[in-house]
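Source file: final.cif. Holds: mmCIF, C-alpha atoms and all ligand atoms; chains and numbers go by the auth columns.
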data_input
loop_
_atom_site.group_PDB
_atom_site.id
_atom_site.type_symbol
_atom_site.label_atom_id
_atom_site.label_comp_id
_atom_site.label_asym_id
_atom_site.label_seq_id
_atom_site.Cartn_x
_atom_site.Cartn_y
_atom_site.Cartn_z
_atom_site.B_iso_or_equiv
_atom_site.auth_seq_id
_atom_site.auth_asym_id
ATOM 1 C CA MET A 1 76.550 117.291 93.738 0.00 62 Q
ATOM 2 C CA ARG A 2 76.493 118.135 97.450 0.00 63 Q
ATOM 3 C CA HIS A 3 75.839 115.247 99.826 0.00 64 Q
ATOM 4 C CA ALA A 4 73.725 116.553 102.690 0.00 65 Q
ATOM 5 C CA ARG A 5 74.372 113.545 104.907 0.00 66 Q
ATOM 6 C CA ILE A 6 78.101 113.188 104.782 0.00 67 Q
ATOM 7 C CA HIS A 7 79.432 112.737 108.306 0.00 68 Q
ATOM 8 C CA PRO A 8 81.736 115.637 109.290 0.00 69 Q
ATOM 9 C CA ARG A 9 84.302 113.191 110.629 0.00 70 Q
ATOM 10 C CA ILE A 10 84.679 111.724 107.147 0.00 71 Q
ATOM 11 C CA LEU A 11 85.485 115.184 105.814 0.00 72 Q
ATOM 12 C CA GLY A 12 88.060 115.446 108.599 0.00 73 Q
ATOM 13 C CA TYR A 13 89.659 112.162 107.556 0.00 74 Q
ATOM 14 C CA LEU A 14 89.751 113.290 103.932 0.00 75 Q
ATOM 15 C CA GLY A 15 91.412 116.591 104.885 0.00 76 Q
ATOM 16 C CA ARG A 16 94.036 114.828 107.016 0.00 77 Q
ATOM 17 C CA ALA A 17 94.595 112.259 104.278 0.00 78 Q
ATOM 18 C CA LEU A 18 95.167 115.010 101.715 0.00 79 Q
ATOM 19 C CA SER A 19 97.681 116.714 104.011 0.00 80 Q
ATOM 20 C CA LEU A 20 99.575 113.448 104.495 0.00 81 Q
ATOM 21 C CA GLU A 21 99.516 112.523 100.797 0.00 82 Q
ATOM 22 C CA TYR A 22 100.846 115.947 99.782 0.00 83 Q
ATOM 23 C CA SER A 23 103.443 115.613 102.542 0.00 84 Q
ATOM 24 C CA ALA A 24 104.449 112.256 101.049 0.00 85 Q
ATOM 25 C CA VAL A 25 104.717 113.850 97.582 0.00 86 Q
ATOM 26 C CA GLN A 26 106.983 116.559 98.993 0.00 87 Q
ATOM 27 C CA GLN A 27 109.061 114.050 100.958 0.00 88 Q
ATOM 28 C CA TYR A 28 109.619 111.571 98.109 0.00 89 Q
ATOM 29 C CA MET A 29 110.294 114.345 95.602 0.00 90 Q
ATOM 30 C CA THR A 30 112.932 115.781 97.940 0.00 91 Q
ATOM 31 C CA GLN A 31 114.460 112.345 98.504 0.00 92 Q
ATOM 32 C CA ALA A 32 114.629 111.678 94.759 0.00 93 Q
ATOM 33 C CA ALA A 33 116.542 114.933 94.324 0.00 94 Q
ATOM 34 C CA LEU A 34 118.867 114.128 97.242 0.00 95 Q
ATOM 35 C CA CYS A 35 119.627 110.639 95.921 0.00 96 Q
ATOM 36 C CA GLU A 36 120.275 112.076 92.479 0.00 97 Q
ATOM 37 C CA ALA A 37 122.748 114.530 94.027 0.00 98 Q
ATOM 38 C CA TRP A 38 124.431 111.612 95.852 0.00 99 Q
ATOM 39 C CA GLY A 39 124.720 109.629 92.604 0.00 100 Q
ATOM 40 C CA LEU A 40 122.234 106.977 93.805 0.00 101 Q
ATOM 41 C CA ASN A 41 120.324 106.903 90.550 0.00 102 Q
ATOM 42 C CA GLU A 42 118.386 103.714 91.160 0.00 103 Q
ATOM 43 C CA ALA A 43 117.140 104.980 94.520 0.00 104 Q
ATOM 44 C CA ALA A 44 116.312 108.354 92.940 0.00 105 Q
ATOM 45 C CA GLN A 45 114.202 106.580 90.334 0.00 106 Q
ATOM 46 C CA ARG A 46 112.340 104.591 93.002 0.00 107 Q
ATOM 47 C CA PHE A 47 111.581 107.761 94.950 0.00 108 Q
ATOM 48 C CA ARG A 48 110.348 109.428 91.755 0.00 109 Q
ATOM 49 C CA GLU A 49 107.950 106.525 91.215 0.00 110 Q
ATOM 50 C CA GLU A 50 106.765 106.842 94.823 0.00 111 Q
ATOM 51 C CA THR A 51 106.187 110.562 94.236 0.00 112 Q
ATOM 52 C CA VAL A 52 103.887 109.786 91.305 0.00 113 Q
ATOM 53 C CA GLU A 53 101.957 107.179 93.310 0.00 114 Q
ATOM 54 C CA GLU A 54 101.422 109.606 96.171 0.00 115 Q
ATOM 55 C CA MET A 55 100.268 112.277 93.707 0.00 116 Q
ATOM 56 C CA GLN A 56 97.737 109.788 92.351 0.00 117 Q
ATOM 57 C CA HIS A 57 96.496 109.180 95.906 0.00 118 Q
ATOM 58 C CA ALA A 58 96.122 112.935 96.417 0.00 119 Q
ATOM 59 C CA ASP A 59 94.258 113.117 93.104 0.00 120 Q
ATOM 60 C CA ARG A 60 91.796 110.443 94.258 0.00 121 Q
ATOM 61 C CA ILE A 61 91.147 112.338 97.492 0.00 122 Q
ATOM 62 C CA VAL A 62 90.671 115.649 95.658 0.00 123 Q
ATOM 63 C CA LYS A 63 88.124 113.986 93.370 0.00 124 Q
ATOM 64 C CA ARG A 64 86.299 112.377 96.300 0.00 125 Q
ATOM 65 C CA MET A 65 86.109 115.701 98.156 0.00 126 Q
ATOM 66 C CA LEU A 66 84.784 117.460 95.069 0.00 127 Q
ATOM 67 C CA GLY A 67 82.288 114.612 94.643 0.00 128 Q
ATOM 68 C CA LEU A 68 81.112 115.245 98.201 0.00 129 Q
ATOM 69 C CA GLY A 69 80.736 118.943 97.466 0.00 130 Q
ATOM 70 C CA VAL A 70 83.641 120.223 99.533 0.00 131 Q
ATOM 71 C CA ALA A 71 86.708 122.168 98.493 0.00 132 Q
ATOM 72 C CA PRO A 72 89.947 120.196 98.967 0.00 133 Q
ATOM 73 C CA SER A 73 92.060 121.904 101.605 0.00 134 Q
ATOM 74 C CA ALA A 74 95.216 120.290 102.886 0.00 135 Q
ATOM 75 C CA SER A 75 96.058 122.463 105.831 0.00 136 Q
ATOM 76 C CA CYS A 76 99.299 121.242 107.340 0.00 137 Q
ATOM 77 C CA LEU A 77 102.103 119.890 105.201 0.00 138 Q
ATOM 78 C CA ARG A 78 104.893 118.178 107.100 0.00 139 Q
ATOM 79 C CA PRO A 79 108.339 119.477 106.254 0.00 140 Q
ATOM 80 C CA ALA A 80 110.234 117.025 104.051 0.00 141 Q
ATOM 81 C CA SER A 81 112.761 115.122 106.071 0.00 142 Q
ATOM 82 C CA VAL A 82 116.348 115.692 105.062 0.00 143 Q
ATOM 83 C CA ALA A 83 118.802 113.054 106.215 0.00 144 Q
ATOM 84 C CA ARG A 84 122.417 112.207 105.594 0.00 145 Q
ATOM 85 C CA SER A 85 122.032 108.701 104.215 0.00 146 Q
ATOM 86 C CA LEU A 86 119.631 106.551 102.233 0.00 147 Q
ATOM 87 C CA VAL A 87 118.916 104.434 105.305 0.00 148 Q
ATOM 88 C CA ASP A 88 117.972 107.490 107.347 0.00 149 Q
ATOM 89 C CA LEU A 89 115.684 108.696 104.550 0.00 150 Q
ATOM 90 C CA LEU A 90 113.988 105.309 104.490 0.00 151 Q
ATOM 91 C CA ARG A 91 113.588 105.276 108.260 0.00 152 Q
ATOM 92 C CA GLN A 92 111.722 108.575 107.995 0.00 153 Q
ATOM 93 C CA ASP A 93 109.603 107.177 105.169 0.00 154 Q
ATOM 94 C CA ALA A 94 108.696 104.212 107.364 0.00 155 Q
ATOM 95 C CA VAL A 95 107.376 106.652 109.988 0.00 156 Q
ATOM 96 C CA LEU A 96 105.354 108.639 107.449 0.00 157 Q
ATOM 97 C CA GLU A 97 103.898 105.526 105.815 0.00 158 Q
ATOM 98 C CA ALA A 98 102.969 104.105 109.234 0.00 159 Q
ATOM 99 C CA ASP A 99 101.085 107.328 110.041 0.00 160 Q
ATOM 100 C CA ILE A 100 99.236 107.170 106.728 0.00 161 Q
ATOM 101 C CA VAL A 101 98.382 103.487 107.227 0.00 162 Q
ATOM 102 C CA ALA A 102 97.056 104.270 110.724 0.00 163 Q
ATOM 103 C CA LEU A 103 94.878 107.111 109.406 0.00 164 Q
ATOM 104 C CA TYR A 104 93.324 104.968 106.668 0.00 165 Q
ATOM 105 C CA GLU A 105 92.791 102.101 109.089 0.00 166 Q
ATOM 106 C CA GLU A 106 90.971 104.414 111.494 0.00 167 Q
ATOM 107 C CA ALA A 107 88.934 106.058 108.702 0.00 168 Q
ATOM 108 C CA THR A 108 87.922 102.656 107.301 0.00 169 Q
ATOM 109 C CA GLY A 109 86.855 101.427 110.741 0.00 170 Q
ATOM 110 C CA PHE A 110 84.818 104.556 111.408 0.00 171 Q
ATOM 111 C CA CYS A 111 83.006 104.363 108.052 0.00 172 Q
ATOM 112 C CA GLN A 112 82.213 100.706 108.679 0.00 173 Q
ATOM 113 C CA ARG A 113 80.801 101.507 112.120 0.00 174 Q
ATOM 114 C CA ILE A 114 78.411 104.118 110.703 0.00 175 Q
ATOM 115 C CA ARG A 115 77.602 101.760 107.808 0.00 176 Q
ATOM 116 C CA ASP A 116 78.934 104.099 105.134 0.00 177 Q
ATOM 117 C CA GLN A 117 80.142 101.328 102.847 0.00 178 Q
ATOM 118 C CA GLU A 118 81.078 103.578 99.964 0.00 179 Q
ATOM 119 C CA ASN A 119 83.539 105.666 101.946 0.00 180 Q
ATOM 120 C CA ALA A 120 84.716 102.591 103.841 0.00 181 Q
ATOM 121 C CA GLY A 121 85.652 101.016 100.514 0.00 182 Q
ATOM 122 C CA PHE A 122 87.382 104.215 99.394 0.00 183 Q
ATOM 123 C CA PHE A 123 89.548 104.388 102.520 0.00 184 Q
ATOM 124 C CA GLU A 124 90.171 100.645 102.599 0.00 185 Q
ATOM 125 C CA ALA A 125 91.632 100.637 99.085 0.00 186 Q
ATOM 126 C CA LEU A 126 94.050 103.394 100.102 0.00 187 Q
ATOM 127 C CA TRP A 127 94.824 101.551 103.351 0.00 188 Q
ATOM 128 C CA ARG A 128 95.856 98.430 101.406 0.00 189 Q
ATOM 129 C CA GLU A 129 98.053 100.426 99.027 0.00 190 Q
ATOM 130 C CA GLU A 130 99.778 102.279 101.857 0.00 191 Q
ATOM 131 C CA ALA A 131 100.280 99.054 103.806 0.00 192 Q
ATOM 132 C CA ALA A 132 102.030 97.704 100.711 0.00 193 Q
ATOM 133 C CA HIS A 133 104.180 100.872 100.590 0.00 194 Q
ATOM 134 C CA ALA A 134 105.132 100.402 104.226 0.00 195 Q
ATOM 135 C CA GLN A 135 106.145 96.795 103.509 0.00 196 Q
ATOM 136 C CA GLU A 136 108.204 97.900 100.502 0.00 197 Q
ATOM 137 C CA ILE A 137 110.070 100.430 102.639 0.00 198 Q
ATOM 138 C CA ASP A 138 110.733 97.732 105.273 0.00 199 Q
ATOM 139 C CA ALA A 139 111.953 95.346 102.561 0.00 200 Q
ATOM 140 C CA TRP A 140 114.239 98.038 101.151 0.00 201 Q
ATOM 141 C CA LEU A 141 115.670 98.690 104.610 0.00 202 Q
ATOM 142 C CA ALA A 142 116.195 94.964 105.145 0.00 203 Q
ATOM 143 C CA GLN A 143 117.965 94.789 101.781 0.00 204 Q
ATOM 144 C CA LEU A 144 120.289 97.544 103.027 0.00 205 Q
ATOM 145 C CA GLY A 145 121.034 95.543 106.154 0.00 206 Q
ATOM 146 C CA VAL A 146 118.709 97.332 108.589 0.00 207 Q
ATOM 147 C CA PRO A 147 118.037 96.824 111.426 0.00 208 Q
ATOM 148 C CA GLY A 148 121.142 95.739 113.238 0.00 209 Q
ATOM 149 C CA HIS A 149 123.603 95.553 110.392 0.00 210 Q
ATOM 150 C CA PRO A 150 124.119 98.789 108.499 0.00 211 Q
ATOM 151 C CA GLY A 151 124.615 98.046 104.830 0.00 212 Q
ATOM 152 C CA PRO A 152 126.969 99.686 102.338 0.00 213 Q
ATOM 153 C CA ASP A 153 124.583 102.572 101.671 0.00 214 Q
ATOM 154 C CA ASP A 154 124.319 103.615 105.311 0.00 215 Q
ATOM 155 C CA ARG A 155 126.811 106.446 105.101 0.00 216 Q
ATOM 156 C CA ALA A 156 126.813 110.211 105.021 0.00 217 Q
ATOM 157 C CA TYR A 157 126.576 111.988 101.672 0.00 218 Q
ATOM 158 C CA PHE A 158 126.825 115.614 102.743 0.00 219 Q
HETATM 159 FE FE FE B . 99.744 107.682 99.440 0.00 1 P
HETATM 160 FE FE FE B . 102.661 105.778 100.563 0.00 2 P
#
Let me see the file written as structure tokens.
Ligand SMILES: [Fe+2]
Ligand SMILES: [Fe+2]
Amino acid sequence: MRHARIHPRILGYLGRALSLEYSAVQQYMTQAALCEAWGLNEAAQRFREETVEEMQHADRIVKRMLGLGVAPSASCLRPASVARSLVDLLRQDAVLEADIVALYEEATGFCQRIRDQENAGFFEALWREEAAHAQEIDAWLAQLGVPGHPGPDDRAYF
């Protein structure tokens, strides 16, 4: 099962990816609960769906690490961001998704440079999915009137 020739930097990317995916799970789960408490049930449901997607990403990384013969170890979870409005939550999500997109872009590029096509393909698939997430967050913000024109949901809830 152990791959003797796996580049250590790839293991580093996988570890950072797992930390960010678990951080995303924690963040979206927290936001779903906040929106539920604010009575924003549709938003809560969307955040719950995001939570599941991020868990599936973490699952894929865990399986890849096991396949490479290493124990999954996410080392630094980011604290979930707590904000006072849906718009502020989404702004924080945009930052997190941008960081995840940047990591997968870098990991894909590195794997391509060392001609590790299998891992390049693995990271590229995640890169595409996270880029789509980032676009969805931007679209949601635009729907709420951001930037420039705060929409009706840009208000404090606690
Ligand atoms: Fe993800
Ligand atoms: Fe995401």
Self-check item: Å distance separating CA of Asn102 in chain Q from CA of Leu202 in chain Q, one decimal place
Solution: 16.9 Å
Per-residue nearest contacts chain Q to ligand FE 2 (chain P), cut-off 7 Å, using only C-alpha atoms and all ligand atoms, as CSV:
residue,atom,partner,partner_atom,distance
Q:Ala85,CA,P:FE2,FE,6.7
Q:Glu115,CA,P:FE2,FE,6.0
Q:Glu158,CA,P:FE2,FE,5.4
Q:Glu191,CA,P:FE2,FE,4.7
Q:His194,CA,P:FE2,FE,5.1
Q:Ala195,CA,P:FE2,FE,7.0
Practice problem: Could you please extract the residues within 12 Å of ligand FE 1 (chain P), counting all atoms listed in the file, and hand them back as JSON, numbers by chain? | Solution: {"Q": [77, 78, 79, 80, 81, 82, 83, 84, 85, 86, 87, 88, 89, 110, 111, 112, 113, 114, 115, 116, 117, 118, 119, 120, 121, 122, 154, 157, 158, 159, 160, 161, 162, 164, 165, 184, 186, 187, 188, 189, 190, 191, 192, 193, 194, 195]}
Can I get the selection written as a PDB file, keeping the file's coordinate frame, with C-alpha atoms?
ATOM      1  CA  ARG Q  77      94.036 114.828 107.016  1.00  0.00           C
ATOM      2  CA  ALA Q  78      94.595 112.259 104.278  1.00  0.00           C
ATOM      3  CA  LEU Q  79      95.167 115.010 101.715  1.00  0.00           C
ATOM      4  CA  SER Q  80      97.681 116.714 104.011  1.00  0.00           C
ATOM      5  CA  LEU Q  81      99.575 113.448 104.495  1.00  0.00           C
ATOM      6  CA  GLU Q  82      99.516 112.523 100.797  1.00  0.00           C
ATOM      7  CA  TYR Q  83     100.846 115.947  99.782  1.00  0.00           C
ATOM      8  CA  SER Q  84     103.443 115.613 102.542  1.00  0.00           C
ATOM      9  CA  ALA Q  85     104.449 112.256 101.049  1.00  0.00           C
ATOM     10  CA  VAL Q  86     104.717 113.850  97.582  1.00  0.00           C
ATOM     11  CA  GLN Q  87     106.983 116.559  98.993  1.00  0.00           C
ATOM     12  CA  GLN Q  88     109.061 114.050 100.958  1.00  0.00           C
ATOM     13  CA  TYR Q  89     109.619 111.571  98.109  1.00  0.00           C
ATOM     14  CA  GLU Q 110     107.950 106.525  91.215  1.00  0.00           C
ATOM     15  CA  GLU Q 111     106.765 106.842  94.823  1.00  0.00           C
ATOM     16  CA  THR Q 112     106.187 110.562  94.236  1.00  0.00           C
ATOM     17  CA  VAL Q 113     103.887 109.786  91.305  1.00  0.00           C
ATOM     18  CA  GLU Q 114     101.957 107.179  93.310  1.00  0.00           C
ATOM     19  CA  GLU Q 115     101.422 109.606  96.171  1.00  0.00           C
ATOM     20  CA  MET Q 116     100.268 112.277  93.707  1.00  0.00           C
ATOM     21  CA  GLN Q 117      97.737 109.788  92.351  1.00  0.00           C
ATOM     22  CA  HIS Q 118      96.496 109.180  95.906  1.00  0.00           C
ATOM     23  CA  ALA Q 119      96.122 112.935  96.417  1.00  0.00           C
ATOM     24  CA  ASP Q 120      94.258 113.117  93.104  1.00  0.00           C
ATOM     25  CA  ARG Q 121      91.796 110.443  94.258  1.00  0.00           C
ATOM     26  CA  ILE Q 122      91.147 112.338  97.492  1.00  0.00           C
ATOM     27  CA  ASP Q 154     109.603 107.177 105.169  1.00  0.00           C
ATOM     28  CA  LEU Q 157     105.354 108.639 107.449  1.00  0.00           C
ATOM     29  CA  GLU Q 158     103.898 105.526 105.815  1.00  0.00           C
ATOM     30  CA  ALA Q 159     102.969 104.105 109.234  1.00  0.00           C
ATOM     31  CA  ASP Q 160     101.085 107.328 110.041  1.00  0.00           C
ATOM     32  CA  ILE Q 161      99.236 107.170 106.728  1.00  0.00           C
ATOM     33  CA  VAL Q 162      98.382 103.487 107.227  1.00  0.00           C
ATOM     34  CA  LEU Q 164      94.878 107.111 109.406  1.00  0.00           C
ATOM     35  CA  TYR Q 165      93.324 104.968 106.668  1.00  0.00           C
ATOM     36  CA  PHE Q 184      89.548 104.388 102.520  1.00  0.00           C
ATOM     37  CA  ALA Q 186      91.632 100.637  99.085  1.00  0.00           C
ATOM     38  CA  LEU Q 187      94.050 103.394 100.102  1.00  0.00           C
ATOM     39  CA  TRP Q 188      94.824 101.551 103.351  1.00  0.00           C
ATOM     40  CA  ARG Q 189      95.856  98.430 101.406  1.00  0.00           C
ATOM     41  CA  GLU Q 190      98.053 100.426  99.027  1.00  0.00           C
ATOM     42  CA  GLU Q 191      99.778 102.279 101.857  1.00  0.00           C
ATOM     43  CA  ALA Q 192     100.280  99.054 103.806  1.00  0.00           C
ATOM     44  CA  ALA Q 193     102.030  97.704 100.711  1.00  0.00           C
ATOM     45  CA  HIS Q 194     104.180 100.872 100.590  1.00  0.00           C
ATOM     46  CA  ALA Q 195     105.132 100.402 104.226  1.00  0.00           C
TER      47      ALA Q 195
END
Quiz item: What is the CA of Arg152 in chain Q to CA of Asp199 in chain Q distance in Å?
Solution: 8.6 Å
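Here CA of Ala163 in chain Q is placed at a distance of 23.9 Å from CA of Leu127 in chain Q.
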Quiz item: So which one's closest to Lys124 in chain Q, Q:Phe183, Q:Trp99, Q:Phe108, Q:Phe171? Using all atoms listed in the file, please.
Solution: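 For Lys124 in chain Q, the nearest of the given residues is Q:Phe183.
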Given 3 Å on each side, where is the centre and what are the edge lengths in Å to one decimal of the axis-aligned box enclosing the listed atoms of range 92-102 of chain Q, as AutoDock Vina command-line options?
--center_x 119.6 --center_y 110.9 --center_z 94.5 --size_x 16.3 --size_y 14.0 --size_z 14.0
Give me, as a tab-separated table, the closest atom pair and its distance (Å, one decimal) for every residue of range 170-208 of chain Q within a cut-off of 10 Å of range 66-71 of chain Q, counting only C-alpha atoms, rows sorted by chain and rising number.
residue	atom	partner	partner_atom	distance
Q:Phe171	CA	Q:Ile71	CA	8.3
Q:Cys172	CA	Q:Ile71	CA	7.6
Q:Ile175	CA	Q:His68	CA	9.0
Q:Asp177	CA	Q:Ile67	CA	9.1
Q:Asn180	CA	Q:Ile71	CA	8.1
Q:Ala181	CA	Q:Ile71	CA	9.7
Q:Phe184	CA	Q:Ile71	CA	9.9
Quiz prompt | Best match for closeness to Gly100 in chain Q among Q:Leu147, Q:Val123, Q:Gly76, Q:Pro140, counting all atoms listed in the file | solution =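 Using all atoms listed in the file, the shortest distance to Gly100 in chain Q belongs to Q:Leu147.
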Self-check item: Given all atoms listed in the file as the counted atoms, nearest of Q:Arg174, Q:Arg125, Q:Thr91, Q:Cys96 to Leu72 in chain Q
Solution: Q:Arg125
Quiz item: For Ser142 in chain Q, which of Q:Ala168, Q:Met126, Q:Ala104, Q:Met90 is the closest residue, counting all atoms listed in the file?
Solution: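 Among Q:Ala168, Q:Met126, Q:Ala104, Q:Met90, it is Q:Met90 that comes nearest to Ser142 in chain Q.
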Exercise. Go through Q:Val143, Q:Leu205, Q:Val148, Q:Ile198 and flag the residue nearest Ala94 in chain Q, using all atoms listed in the file for the distances.
Key: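 Between Q:Val143, Q:Leu205, Q:Val148, Q:Ile198, the residue approaching Ala94 in chain Q most closely is Q:Val143.
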Quiz prompt | Nearest to Val207 in chain Q by atom-to-atom distance, counting only C-alpha atoms, from Q:Leu151, Q:Ser134, Q:Arg107, Q:Gly170 | solution = Q:Leu151
